[in-house]
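One file, my_file.txt, carrying compact mmCIF, C-alpha atoms:
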# COMPACT_ATOMS: atom_id res chain seq x y z
CA MET A 1 0.00 0.00 0.00
CA LYS A 2 2.82 2.39 0.87
CA LEU A 3 4.54 1.62 -2.43
CA ASN A 4 1.37 2.36 -4.36
CA MET A 5 0.97 5.75 -2.65
CA MET A 6 4.53 6.70 -3.49
CA LEU A 7 3.98 5.83 -7.16
CA LEU A 8 0.80 7.92 -7.28
CA LEU A 9 2.59 10.89 -5.74
CA ALA A 10 5.41 10.59 -8.25
CA ILE A 11 2.98 10.55 -11.18
CA ALA A 12 0.90 13.45 -9.86
CA THR A 13 3.86 15.75 -9.20
CA PRO A 14 4.24 18.14 -12.17
CA VAL A 15 7.61 18.59 -13.82
CA ILE A 16 8.86 22.18 -13.58
CA ALA A 17 9.83 23.36 -17.12
CA SER A 18 13.16 25.09 -17.59
CA PRO A 19 13.02 28.75 -18.71
CA PRO A 20 13.21 29.27 -22.52
CA SER A 21 16.58 30.07 -24.02
CA LEU A 22 17.12 33.65 -25.12
CA SER A 23 20.16 32.84 -27.24
CA VAL A 24 18.12 33.45 -30.38
CA PHE A 25 18.23 37.18 -29.58
CA THR A 26 22.03 37.29 -29.22
CA HIS A 27 22.56 38.97 -32.60
CA SER A 28 19.25 40.82 -32.78
CA GLN A 29 18.99 44.49 -33.76
CA VAL A 30 16.66 47.14 -32.45
CA LEU A 31 14.24 48.41 -35.12
CA THR A 32 14.35 52.12 -35.78
CA ASP A 33 11.28 54.34 -35.63
CA PHE A 34 11.51 54.60 -39.41
CA GLU A 35 11.10 50.84 -39.83
CA LEU A 36 8.41 50.57 -37.18
CA ASP A 37 6.36 53.29 -38.83
CA SER A 38 6.63 51.52 -42.19
CA MET A 39 5.06 48.42 -40.67
CA LYS A 40 2.02 50.47 -39.71
CA GLY A 41 1.63 51.75 -43.24
CA LYS A 42 2.96 55.20 -42.37
CA TYR A 43 6.07 57.22 -43.10
CA THR A 44 7.97 59.55 -40.83
CA ASN A 45 9.00 63.13 -41.43
CA SER A 46 12.41 63.01 -39.75
CA GLY A 47 14.48 63.96 -42.79
CA GLN A 48 12.96 61.25 -44.95
CA ASP A 49 13.39 61.77 -48.68
CA TYR A 50 11.16 59.99 -51.16
CA TYR A 51 10.44 60.29 -54.89
CA PHE A 52 7.91 58.92 -57.35
CA GLY A 53 7.94 59.75 -61.06
CA LEU A 54 5.88 58.82 -64.11
CA GLN A 55 7.06 59.71 -67.61
CA MET A 56 4.75 59.15 -70.60
CA GLN A 57 5.94 59.48 -74.20
CA THR A 58 4.26 58.76 -77.52
CA GLN A 59 5.60 58.53 -81.06
CA PHE A 60 2.92 58.75 -83.75
CA ILE A 61 3.81 58.25 -87.44
CA GLN A 62 1.08 59.03 -89.95
CA ASP A 63 0.65 57.36 -93.32
CA ASN A 64 2.19 60.40 -95.03
CA GLY A 65 5.37 60.07 -92.94
CA VAL A 66 4.65 63.01 -90.64
CA GLN A 67 5.74 62.26 -87.06
CA GLN A 68 4.17 63.51 -83.84
CA GLN A 69 6.09 63.19 -80.54
CA VAL A 70 4.39 63.92 -77.24
CA GLY A 71 5.72 63.73 -73.68
CA MET A 72 4.45 64.38 -70.16
CA GLN A 73 6.13 63.84 -66.80
CA ILE A 74 4.71 63.78 -63.27
CA GLU A 75 7.09 63.83 -60.30
CA LEU A 76 6.04 63.55 -56.67
CA SER A 77 8.61 64.28 -53.96
CA GLN A 78 8.88 65.57 -50.43
CA VAL A 79 9.66 69.25 -49.88
CA ASP A 80 9.81 70.58 -46.31
CA ASN A 81 8.11 67.41 -45.05
CA GLN A 82 5.16 67.98 -47.40
CA PRO A 83 4.28 66.18 -50.66
CA SER A 84 5.01 68.29 -53.74
CA ILE A 85 4.03 67.59 -57.35
CA ASN A 86 5.80 68.80 -60.49
CA ILE A 87 4.20 68.33 -63.92
CA THR A 88 6.02 69.05 -67.19
CA ILE A 89 5.16 68.60 -70.86
CA SER A 90 7.44 68.56 -73.91
CA ASP A 91 5.49 71.27 -75.70
CA PRO A 92 6.56 74.84 -74.85
CA THR A 93 4.04 76.33 -77.29
CA ALA A 94 0.89 74.72 -75.85
CA VAL A 95 -1.88 77.13 -74.86
CA ASP A 96 -4.77 77.07 -72.39
CA SER A 97 -7.90 75.18 -73.40
CA GLN A 98 -11.37 74.55 -72.00
CA ASN A 99 -11.80 71.26 -73.85
CA GLY A 100 -10.72 68.39 -71.63
CA PHE A 101 -11.07 64.65 -72.13
CA GLN A 102 -11.89 61.52 -70.18
CA LEU A 103 -9.76 58.38 -69.85
CA ASP A 104 -12.18 55.49 -70.34
CA SER A 105 -11.53 52.77 -67.75
CA LEU A 106 -13.91 50.23 -69.37
CA GLY A 107 -15.05 49.13 -65.92
CA GLN A 108 -11.54 48.43 -64.57
CA SER A 109 -10.94 50.06 -61.21
CA ALA A 110 -7.17 49.78 -60.62
CA GLY A 111 -3.83 48.65 -62.01
CA LEU A 112 -2.48 48.91 -65.55
CA GLN A 113 -4.77 48.95 -68.57
CA GLN A 114 -3.28 48.61 -72.06
CA ARG A 115 -5.63 48.74 -75.04
CA ILE A 116 -4.99 48.42 -78.78
CA GLN A 117 -7.69 48.64 -81.44
CA ILE A 118 -6.77 48.60 -85.14
CA ALA A 119 -8.97 48.91 -88.22
CA GLY A 120 -6.86 48.61 -91.35
CA SER A 121 -3.58 47.00 -92.38
CA GLU A 122 0.17 47.69 -92.36
CA ASN A 123 -0.07 49.40 -88.96
CA LEU A 124 2.14 49.22 -85.86
CA ALA A 125 0.90 49.65 -82.29
CA VAL A 126 2.96 49.15 -79.10
CA ASN A 127 2.22 49.83 -75.41
CA GLU A 128 5.25 49.60 -73.11
CA LEU A 129 5.72 49.99 -69.35
CA ASP A 130 9.00 50.05 -67.43
CA MET A 131 9.24 50.32 -63.63
CA ALA A 132 12.38 50.41 -61.48
CA GLN A 133 14.07 52.21 -58.61
CA GLY A 134 15.74 55.48 -59.51
CA ARG A 135 14.81 58.92 -60.80
CA LEU A 136 13.52 60.19 -64.12
CA ILE A 137 15.59 62.16 -66.59
CA PRO A 138 13.98 65.57 -67.23
CA LEU A 139 11.91 65.86 -70.38
CA LEU A 140 13.57 67.48 -73.38
CA GLN A 141 12.20 71.03 -73.66
CA GLY A 142 10.07 70.34 -70.60
CA THR A 143 7.66 73.09 -69.61
CA ASN A 144 5.97 73.21 -66.19
CA ILE A 145 2.19 73.29 -66.05
CA ALA A 146 -0.04 73.97 -63.04
CA VAL A 147 -2.29 71.45 -61.37
CA GLY A 148 -5.88 71.86 -62.56
CA THR A 149 -5.07 73.17 -66.05
CA THR A 150 -5.83 71.90 -69.56
CA LEU A 151 -3.61 72.79 -72.53
CA VAL A 152 -3.73 72.13 -76.27
CA SER A 153 -0.90 72.06 -78.80
CA GLN A 154 -0.75 74.73 -81.49
CA SER A 155 -1.70 72.12 -84.10
CA GLY A 156 -4.78 71.27 -82.06
CA HIS A 157 -3.98 67.54 -82.21
CA THR A 158 -2.79 67.04 -78.60
CA THR A 159 -4.63 67.87 -75.38
CA TYR A 160 -2.77 67.89 -72.06
CA SER A 161 -4.73 67.53 -68.84
CA ALA A 162 -3.57 68.05 -65.24
CA ASN A 163 -7.00 67.62 -63.69
CA ALA A 164 -8.41 65.21 -61.13
CA ASN A 165 -10.44 63.24 -63.68
CA ALA A 166 -7.58 62.88 -66.17
CA LEU A 167 -3.86 63.36 -65.59
CA GLY A 168 -2.25 62.71 -68.97
CA TYR A 169 -2.71 63.53 -72.66
CA GLN A 170 -4.70 62.58 -75.74
CA ILE A 171 -3.62 62.75 -79.39
CA ALA A 172 -6.16 62.89 -82.21
CA LEU A 173 -4.81 62.61 -85.76
CA GLY A 174 -7.41 62.05 -88.46
CA THR A 175 -9.54 59.07 -87.45
CA SER A 176 -6.91 57.71 -85.02
CA ASN A 177 -6.71 58.40 -81.30
CA VAL A 178 -3.98 57.78 -78.69
CA SER A 179 -3.95 58.50 -74.97
CA GLN A 180 -1.87 57.89 -71.86
CA GLY A 181 -2.57 58.95 -68.30
CA ILE A 182 -3.71 58.25 -64.77
CA ASN A 183 -7.40 57.67 -64.24
CA TYR A 184 -8.59 58.14 -60.65
CA GLN A 185 -12.08 57.23 -59.46
CA ASP A 186 -13.80 55.80 -56.40
CA GLY A 187 -10.57 55.78 -54.40
CA ASN A 188 -8.67 53.72 -57.00
CA GLY A 189 -6.04 54.76 -59.52
CA GLN A 190 -4.93 53.14 -62.75
CA LEU A 191 -2.50 53.82 -65.57
CA VAL A 192 -4.17 53.76 -68.99
CA GLN A 193 -2.35 53.28 -72.31
CA SER A 194 -4.77 53.34 -75.22
CA ILE A 195 -4.23 53.16 -79.00
CA PHE A 196 -6.95 53.29 -81.67
CA ILE A 197 -5.84 53.26 -85.31
CA ASP A 198 -8.21 53.55 -88.26
CA GLY A 199 -6.42 53.49 -91.60
CA LEU A 200 -3.27 52.23 -93.28
CA ASN A 201 0.49 52.54 -92.70
CA GLN A 202 0.36 54.23 -89.28
CA GLY A 203 2.61 53.59 -86.30
CA VAL A 204 2.11 54.37 -82.60
CA ILE A 205 4.42 53.60 -79.66
CA ASN A 206 3.24 54.43 -76.14
CA GLN A 207 5.98 54.31 -73.49
CA SER A 208 5.40 54.80 -69.76
CA THR A 209 8.29 54.82 -67.29
CA ILE A 210 7.84 54.67 -63.51
CA ARG A 211 10.69 55.44 -61.13
CA TYR A 212 10.70 55.53 -57.32
CA ASP A 213 13.50 56.30 -54.88
CA GLY A 214 14.43 57.31 -51.35
CA MET A 215 13.18 54.31 -49.36
CA PRO A 216 15.91 51.67 -48.93
CA VAL A 217 13.97 49.39 -46.55
CA GLY A 218 12.38 46.45 -48.40
CA PRO A 219 8.90 46.54 -46.80
CA ILE A 220 8.67 50.24 -47.54
CA GLN A 221 9.39 49.77 -51.24
CA SER A 222 6.55 47.27 -51.54
CA ASN A 223 4.05 49.91 -50.41
CA ILE A 224 5.51 52.98 -52.09
CA LEU A 225 3.10 53.15 -55.03
CA GLY A 226 0.11 53.13 -52.72
CA ARG A 227 1.57 55.98 -50.70
CA GLN A 228 2.09 58.14 -53.76
CA ILE A 229 -1.53 57.62 -54.77
CA SER A 230 -2.53 58.76 -51.27
CA ASP A 231 -0.40 61.88 -51.61
CA LEU A 232 -1.89 62.62 -55.05
CA THR A 233 -5.32 62.43 -53.41
CA SER A 234 -4.29 64.97 -50.77
CA LEU A 235 -3.20 67.33 -53.56
CA GLY A 236 -6.64 67.23 -55.15
CA PHE A 237 -6.34 64.26 -57.53
Can you turn what I pasted into structure tokens?
Amino acid sequence: MKLNMMLLLAIATPVIASPPSLSVFTHSQVLTDFELDSMKGKYTNSGQDYYFGLQMQTQFIQDNGVQQQVGMQIELSQVDNQPSINITISDPTAVDSQNGFQLDSLGQSAGLQQRIQIAGSENLAVNELDMAQGRLIPLLQGTNIAVGTTLVSQSGHTTYSANANALGYQIALGTSNVSQGINYQDGNGQLVQSIFIDGLNQGVINQSTIRYDGMPVGPIQSNILGRQISDLTSLGF
């Protein structure tokens, strides 16, 4: 009987676990406020420098050999801890216009939309997008335009828009139409590259280049595009 009681006591007595080893933290590093803020989807203002740029260029060759080149560049950066936007176009002779345009999203709410429609033969149509870390090269003969304005080229073929409903440009030559720009609606933004060609022996190349810089931490880079859209919204877009 005594032996049985001793066995029961031995089984019922809990084993005291040893404390966990903290050796895994031997080479750990303390996260900075900059990194901690990035995890919460925010960015700090303590000397942080960031940059986001979109450059759009189009080459349009008509059937008679006449070429039309159009360019527009949007750069978003931080100046005195506040977001600042700089918009330039490669057309120093463009004048004010009251005739804007709409970028048709065809029901798509976000992301990249590339469209090509061709009626005819012997035509060329290309939509290209390149995105990488870095900064844009200034546009050749770039001219600054103000947010909220609409301009038209002297030929009347190209309309530039820096408005909330359309940030980009549209080219209309004959029965053909080309556009590039940012379409913003219902809290979502998308980049639209659209080509419509009606006729023979025409060529259109749309090129959009995105560059971002100033945030070396990996998790921050993954969210940088969303932040720039938020800053565009605060500026009225």
The residue from A:Gln62, A:Asn206, A:Gln170, A:Thr93 with the smallest atom-to-atom distance to Ile145 of chain A, counting all atoms listed in the file, is A:Thr93
Could you check how far atom CA of Tyr212 of chain A sits from atom CA of Val178 of chain A, in Å to one decimal?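 So the two atoms, atom CA of Tyr212 of chain A and atom CA of Val178 of chain A, lie 26.0 Å apart.
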What does the distance between atom CA of Asn123 of chain A and atom CA of Gly199 of chain A come to in Å, to one decimal place?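 Rounded to one decimal, the two atoms are 8.0 Å apart.
Taking all atoms listed in the file into account, Ile210 of chain A lies nearest to A:Gln55 out of the set A:Gln55, A:Gln193, A:Ser161, A:Gln98.
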Would you give the centre and edge lengths, in Å to one decimal, of a box along x, y and z around the listed atoms of segment 129-140 of chain A, with 3 Å added to each side, as lines of an AutoDock Vina configuration file?
center_x = 10.7
center_y = 58.7
center_z = -66.0
size_x = 16.0
size_y = 23.5
size_z = 20.8
Which one is closest to Gly189 of chain A: A:Ile171, A:Ile137, A:Leu112, A:Ala125? Count only C-alpha atoms.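 Residue with the minimum atom-to-atom distance to Gly189 of chain A: A:Leu112.
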Which one is closest to Gln133 of chain A: A:Asn86, A:Asn81, A:Thr209, A:Asn99? Count only C-alpha atoms.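 Closest candidate: A:Thr209.
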Using all atoms listed in the file: which of A:Met56, A:Ile74, A:Val95, A:Val204 has the shortest distance to Ser155 of chain A: A:Val95
Taking all atoms listed in the file into account, which of A:Asn177, A:Gln73, A:Gln59, A:Gln190 comes nearest Gln141 of chain A?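 Going through A:Asn177, A:Gln73, A:Gln59, A:Gln190 one by one, the smallest distance to Gln141 of chain A is for A:Gln73.
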Would you kindly return, as a ChimeraX atom specification, each protein, DNA or RNA residue with an atom no farther than 8 Å from any atom of Gly168 of chain A, considering only C-alpha atoms and excluding same-chain residues fewer than 2 positions away? /A:72,160-162,166,170,179-182
For Thr158 of chain A, work out the shell of residues within 9 Å, counting all atoms listed in the file and skipping chain neighbours fewer than 6 positions away, then give it as a ChimeraX atom specification. /A:70,94,151-152,169-173
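As for atom CA of Arg211 of chain A and atom CA of Arg135 of chain A, they are spaced 5.4 Å apart.
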May I have the residues within 7 Å of Gln78 of chain A as a list in words, using only C-alpha atoms and disregarding those fewer than 3 positions away in the same chain?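 The contact residues come out as Asp49, Tyr50, Asn81, Gln82, Pro83 and Ser84 of chain A.
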Ser121 of chain A environment, 12 Å, all atoms listed in the file, sequence neighbours closer than 6 positions dropped, as a VMD selection string: chain A and resid 63 197 to 203
Could you write out the selected residues, including C-alpha atoms, as a JSON list (two decimals), in the frame of the given file?
[["chain", "number", "residue", "atom", "x", "y", "z"],
["A", 63, "ASP", "CA", 0.65, 57.36, -93.32],
["A", 197, "ILE", "CA", -5.84, 53.26, -85.31],
["A", 198, "ASP", "CA", -8.21, 53.55, -88.26],
["A", 199, "GLY", "CA", -6.42, 53.49, -91.60],
["A", 200, "LEU", "CA", -3.27, 52.23, -93.28],
["A", 201, "ASN", "CA", 0.49, 52.54, -92.70],
["A", 202, "GLN", "CA", 0.36, 54.23, -89.28],
["A", 203, "GLY", "CA", 2.61, 53.59, -86.30]]
Take the point (-2.7, 53.1, -78.6) in the file's coordinates, draw a sphere of radius 6 Å around it, and report as number ranges by chain every protein, DNA or RNA residue with an atom inside or on it, counting all atoms listed in the file. A: 116, 178, 194-196
